[in-house]
Amino acid sequence: MALAFADIDGRHPRVPWNAPELEATLSSLAELAAAVTPPPLADLPDLPALVADDFAGWPRVAADPPVDVDPWLVANLPELTERAATGVAALAGNALVHMDIRADNLLIDRDDRVWVVDWPWACRGAAWADSLLLLASVVDHTNLTDIDARVDRILAEHGLSPQVGTDVLSGFVSFFVDAARHPDQPGLGPVQEHRRTRAAYTVPLLRKRIEEEATGGRS
């Protein structure tokens, strides 16, 4: 086990996100993934195993639907469940993955270099996983069409089809929708509010992608 510290003269990205800082962060995540493939640490957990239960939220939603559940989700639960399971498998890989990429785990220094901090969930998985997780976390602060296009661009850089992003997103959204209906937990601050916000803003992105695939609008 290793413990390392560094004093970084930096700040978190601005929220709502702006395009230059989002682009700089995505570029840094790509550089990081390339530099740590394979990971320099042994015995890391595999990302698919780490998220398997989180991505299995749709059956729990089906068994006990939230009172305010989106009717579109209810009508499409079988497909969403299948997609989420496919998304779990797609996350396998041999890169070091942070698995909790969001603004408060990033610092931008005086040279506009982006640093990734706080690594309690470090694991081994797909080199593009952190980038997709970041995009899912900023969808409420930026243009939905822009985020949608960025997801496809990142996947294309790795030779993957847009459907992979939709499958993985189905798993992410299943976690937020499932977890958001639980009451606030003492001592965890605004965690549940964060999950409710993520659920509210990621469902439209997931729906957009699935409907476009169904009509041939996404290749």
# chains A, B, ... in the order shown; residues from 1 in each chain; ligands from 1

call {"tool": "closest_atom_pairs", "arguments": {"of": "range 13-111 of chain A", "to": "range 174-185 of chain A", "cutoff": "8 Å", "atoms": "only C-alpha atoms", "output": "tab-separated table"}}
result
residue	atom	partner	partner_atom	distance
A:Asp54	CA	A:Phe175	CA	5.2
A:Phe55	CA	A:Phe175	CA	5.8
A:Ala56	CA	A:Ser174	CA	6.9
A:Gly57	CA	A:Ser174	CA	4.7
A:Trp58	CA	A:Ser174	CA	5.4
A:Arg60	CA	A:Asp178	CA	6.9
A:Val61	CA	A:Asp178	CA	5.8
A:Pro66	CA	A:Arg181	CA	6.1
A:Ala84	CA	A:Ser174	CA	7.7

call {"tool": "write_last_selection", "arguments": {"atoms": "C-alpha atoms", "output": "mmCIF file, in the first residue's frame"}}
result
data_model
loop_
_atom_site.group_PDB
_atom_site.id
_atom_site.type_symbol
_atom_site.label_atom_id
_atom_site.label_comp_id
_atom_site.auth_asym_id
_atom_site.auth_seq_id
_atom_site.Cartn_x
_atom_site.Cartn_y
_atom_site.Cartn_z
ATOM 1 C CA ASP A 54 -24.780 -0.377 -9.108
ATOM 2 C CA PHE A 55 -25.602 -1.097 -12.756
ATOM 3 C CA ALA A 56 -28.300 -3.573 -11.682
ATOM 4 C CA GLY A 57 -30.648 -0.832 -10.537
ATOM 5 C CA TRP A 58 -33.369 -1.337 -13.132
ATOM 6 C CA ARG A 60 -34.928 -2.937 -8.300
ATOM 7 C CA VAL A 61 -36.798 -0.019 -9.854
ATOM 8 C CA PRO A 66 -40.470 5.380 -7.193
ATOM 9 C CA ALA A 84 -27.027 -1.987 -18.474
#

call {"tool": "closest_atom_pairs", "arguments": {"of": "range 138-212 of chain A", "to": "range 96-118 of chain A", "cutoff": "12 Å", "atoms": "only C-alpha atoms", "output": "CSV"}}
result
residue,atom,partner,partner_atom,distance
A:Val138,CA,A:Arg102,CA,8.0
A:Val139,CA,A:Arg102,CA,11.5
A:His141,CA,A:Ala103,CA,11.6
A:Phe172,CA,A:Met99,CA,11.6
A:His194,CA,A:Arg102,CA,11.6
A:Arg198,CA,A:Arg102,CA,11.9

call {"tool": "write_last_selection", "arguments": {"atoms": "C-alpha atoms", "output": "mmCIF file, in the first residue's frame"}}
result
data_model
loop_
_atom_site.group_PDB
_atom_site.id
_atom_site.type_symbol
_atom_site.label_atom_id
_atom_site.label_comp_id
_atom_site.auth_asym_id
_atom_site.auth_seq_id
_atom_site.Cartn_x
_atom_site.Cartn_y
_atom_site.Cartn_z
ATOM 1 C CA VAL A 138 -21.864 17.596 -16.227
ATOM 2 C CA VAL A 139 -24.975 17.011 -18.330
ATOM 3 C CA HIS A 141 -24.621 22.197 -16.635
ATOM 4 C CA PHE A 172 -25.095 4.789 -14.724
ATOM 5 C CA HIS A 194 -26.807 14.969 -5.845
ATOM 6 C CA ARG A 198 -28.115 13.211 -11.650
#

call {"tool": "residues_around", "arguments": {"residues": "range 145-159 of chain A", "least_positions_apart": "3", "cutoff": "7 Å", "atoms": "only C-alpha atoms", "output": "PyMOL selection string"}}
result
chain A and resi 132+135+139+162+165

call {"tool": "write_last_selection", "arguments": {"atoms": "N, CA and C atoms", "output": "compact mmCIF listing (two decimals), in the first residue's frame"}}
result
# COMPACT_ATOMS: atom_id res chain seq x y z
N LEU A 132 -16.44 9.11 -19.77
CA LEU A 132 -17.89 8.99 -19.84
C LEU A 132 -18.55 9.32 -18.51
N LEU A 135 -18.72 13.07 -18.25
CA LEU A 135 -19.77 13.65 -19.08
C LEU A 135 -21.16 13.42 -18.47
N VAL A 139 -23.90 16.86 -17.36
CA VAL A 139 -24.98 17.01 -18.33
C VAL A 139 -25.99 18.07 -17.91
N PRO A 162 -21.38 4.09 -30.97
CA PRO A 162 -22.18 4.87 -30.01
C PRO A 162 -23.02 4.01 -29.08
N GLY A 165 -21.76 3.52 -25.59
CA GLY A 165 -22.02 4.62 -24.68
C GLY A 165 -23.43 4.59 -24.13

call {"tool": "atom_distance", "arguments": {"atom1": "CA of Trp128 in chain A", "atom2": "CA of Leu77 in chain A"}}
result
26.0 Å

call {"tool": "closest_residue", "arguments": {"among": "A:Thr166, A:Ala122, A:Lys208, A:Ala129", "to": "Leu41 in chain A", "atoms": "only C-alpha atoms"}}
result
A:Ala122

call {"tool": "residues_around", "arguments": {"residues": "Arg83 in chain A", "least_positions_apart": "2", "cutoff": "9 Å", "atoms": "only C-alpha atoms", "output": "list of chain:residue names"}}
result
A:Pro78, A:Glu79, A:Leu80, A:Thr81, A:Ala85, A:Thr86, A:Gly87, A:Val88, A:Val164, A:Thr166, A:Asp167, A:Val168, A:Leu169, A:Ser170, A:Gly171

call {"tool": "write_last_selection", "arguments": {"atoms": "C-alpha atoms", "output": "PDB file, in the first residue's frame"}}
result
ATOM      1  CA  PRO A  78     -36.592  -4.705 -20.108  1.00  0.00           C
ATOM      2  CA  GLU A  79     -34.416  -3.008 -22.730  1.00  0.00           C
ATOM      3  CA  LEU A  80     -32.744  -0.750 -20.166  1.00  0.00           C
ATOM      4  CA  THR A  81     -31.906  -3.758 -17.986  1.00  0.00           C
ATOM      5  CA  ALA A  85     -25.787  -5.584 -18.268  1.00  0.00           C
ATOM      6  CA  THR A  86     -24.060  -5.150 -21.627  1.00  0.00           C
ATOM      7  CA  GLY A  87     -22.589  -1.876 -20.378  1.00  0.00           C
ATOM      8  CA  VAL A  88     -20.998  -3.597 -17.378  1.00  0.00           C
ATOM      9  CA  VAL A 164     -21.532   1.171 -26.185  1.00  0.00           C
ATOM     10  CA  THR A 166     -25.772   4.142 -24.503  1.00  0.00           C
ATOM     11  CA  ASP A 167     -25.374   0.783 -22.770  1.00  0.00           C
ATOM     12  CA  VAL A 168     -22.940   2.168 -20.204  1.00  0.00           C
ATOM     13  CA  LEU A 169     -25.137   5.227 -19.667  1.00  0.00           C
ATOM     14  CA  SER A 170     -28.099   2.927 -18.977  1.00  0.00           C
ATOM     15  CA  GLY A 171     -26.109   1.408 -16.128  1.00  0.00           C
TER      16      GLY A 171
END

call {"tool": "select_by_dssp", "arguments": {"residues": "chain A", "states": "helix (DSSP H, G or I)", "output": "PyMOL selection string"}}
result
chain A and resi 19-35+47-51+54-63+71-75+77-90+103-105+129-138+144-157+162-180+191-214

call {"tool": "select_by_dssp", "arguments": {"residues": "range 4-199 of chain A", "states": "strand (DSSP E or B)", "output": "short mmCIF file (atom, residue, chain, number, x, y, z; two decimals) with C-alpha atoms, in the first residue's frame"}}
result
data_model
loop_
_atom_site.label_atom_id
_atom_site.label_comp_id
_atom_site.auth_asym_id
_atom_site.auth_seq_id
_atom_site.Cartn_x
_atom_site.Cartn_y
_atom_site.Cartn_z
CA GLY A 10 -5.05 25.02 -8.00
CA ARG A 11 -8.81 25.30 -8.00
CA ASP A 46 -11.81 -4.89 -11.95
CA ALA A 95 -6.23 1.06 -17.71
CA LEU A 96 -6.10 2.66 -14.27
CA VAL A 97 -9.59 4.09 -13.66
CA LEU A 106 -10.26 17.75 -10.07
CA LEU A 107 -7.87 20.68 -9.70
CA ILE A 108 -6.73 23.13 -12.37
CA ASP A 109 -3.35 24.66 -11.58
CA VAL A 114 -5.72 19.39 -14.77
CA TRP A 115 -4.95 17.16 -11.76
CA VAL A 116 -7.06 14.20 -10.70
CA CYS A 123 -9.60 0.09 -10.30
CA ARG A 124 -8.71 -1.56 -13.62
CA GLY A 125 -11.01 -0.97 -16.57
#

call {"tool": "closest_residue", "arguments": {"among": "A:Gln163, A:Leu73, A:Pro120, A:Thr202", "to": "Leu144 in chain A", "atoms": "only C-alpha atoms"}}
result
A:Thr202

call {"tool": "decode", "arguments": {"residues": "range 83-97 of chain A", "atoms": "N, CA and C atoms", "output": "JSON list (two decimals), in the first residue's frame"}}
result
[["chain", "number", "residue", "atom", "x", "y", "z"],
["A", 83, "ARG", "N", -29.47, -3.50, -21.59],
["A", 83, "ARG", "CA", -28.39, -2.59, -21.98],
["A", 83, "ARG", "C", -27.39, -2.39, -20.83],
["A", 84, "ALA", "N", -27.91, -2.21, -19.61],
["A", 84, "ALA", "CA", -27.03, -1.99, -18.47],
["A", 84, "ALA", "C", -26.10, -3.17, -18.26],
["A", 85, "ALA", "N", -26.62, -4.39, -18.41],
["A", 85, "ALA", "CA", -25.79, -5.58, -18.27],
["A", 85, "ALA", "C", -24.70, -5.62, -19.34],
["A", 86, "THR", "N", -25.05, -5.22, -20.55],
["A", 86, "THR", "CA", -24.06, -5.15, -21.63],
["A", 86, "THR", "C", -23.02, -4.08, -21.32],
["A", 87, "GLY", "N", -23.49, -2.96, -20.73],
["A", 87, "GLY", "CA", -22.59, -1.88, -20.38],
["A", 87, "GLY", "C", -21.56, -2.27, -19.34],
["A", 88, "VAL", "N", -21.95, -3.11, -18.38],
["A", 88, "VAL", "CA", -21.00, -3.60, -17.38],
["A", 88, "VAL", "C", -19.83, -4.30, -18.06],
["A", 89, "ALA", "N", -20.15, -5.21, -18.96],
["A", 89, "ALA", "CA", -19.10, -5.97, -19.65],
["A", 89, "ALA", "C", -18.21, -5.07, -20.48],
["A", 90, "ALA", "N", -18.79, -4.01, -21.06],
["A", 90, "ALA", "CA", -18.02, -3.10, -21.93],
["A", 90, "ALA", "C", -16.96, -2.33, -21.16],
["A", 91, "LEU", "N", -17.10, -2.23, -19.85],
["A", 91, "LEU", "CA", -16.17, -1.44, -19.04],
["A", 91, "LEU", "C", -14.88, -2.18, -18.71],
["A", 92, "ALA", "N", -14.76, -3.43, -19.14],
["A", 92, "ALA", "CA", -13.52, -4.18, -18.90],
["A", 92, "ALA", "C", -12.37, -3.55, -19.68],
["A", 93, "GLY", "N", -11.19, -3.59, -19.10],
["A", 93, "GLY", "CA", -10.02, -3.04, -19.77],
["A", 93, "GLY", "C", -8.80, -3.15, -18.90],
["A", 94, "ASN", "N", -7.72, -2.50, -19.33],
["A", 94, "ASN", "CA", -6.45, -2.62, -18.62],
["A", 94, "ASN", "C", -5.84, -1.26, -18.33],
["A", 95, "ALA", "N", -6.70, -0.27, -18.08],
["A", 95, "ALA", "CA", -6.23, 1.06, -17.71],
["A", 95, "ALA", "C", -6.54, 1.32, -16.24],
["A", 96, "LEU", "N", -5.80, 2.22, -15.63],
["A", 96, "LEU", "CA", -6.10, 2.66, -14.27],
["A", 96, "LEU", "C", -7.29, 3.62, -14.34],
["A", 97, "VAL", "N", -8.36, 3.31, -13.63],
["A", 97, "VAL", "CA", -9.59, 4.09, -13.66],
["A", 97, "VAL", "C", -9.84, 4.71, -12.29]]
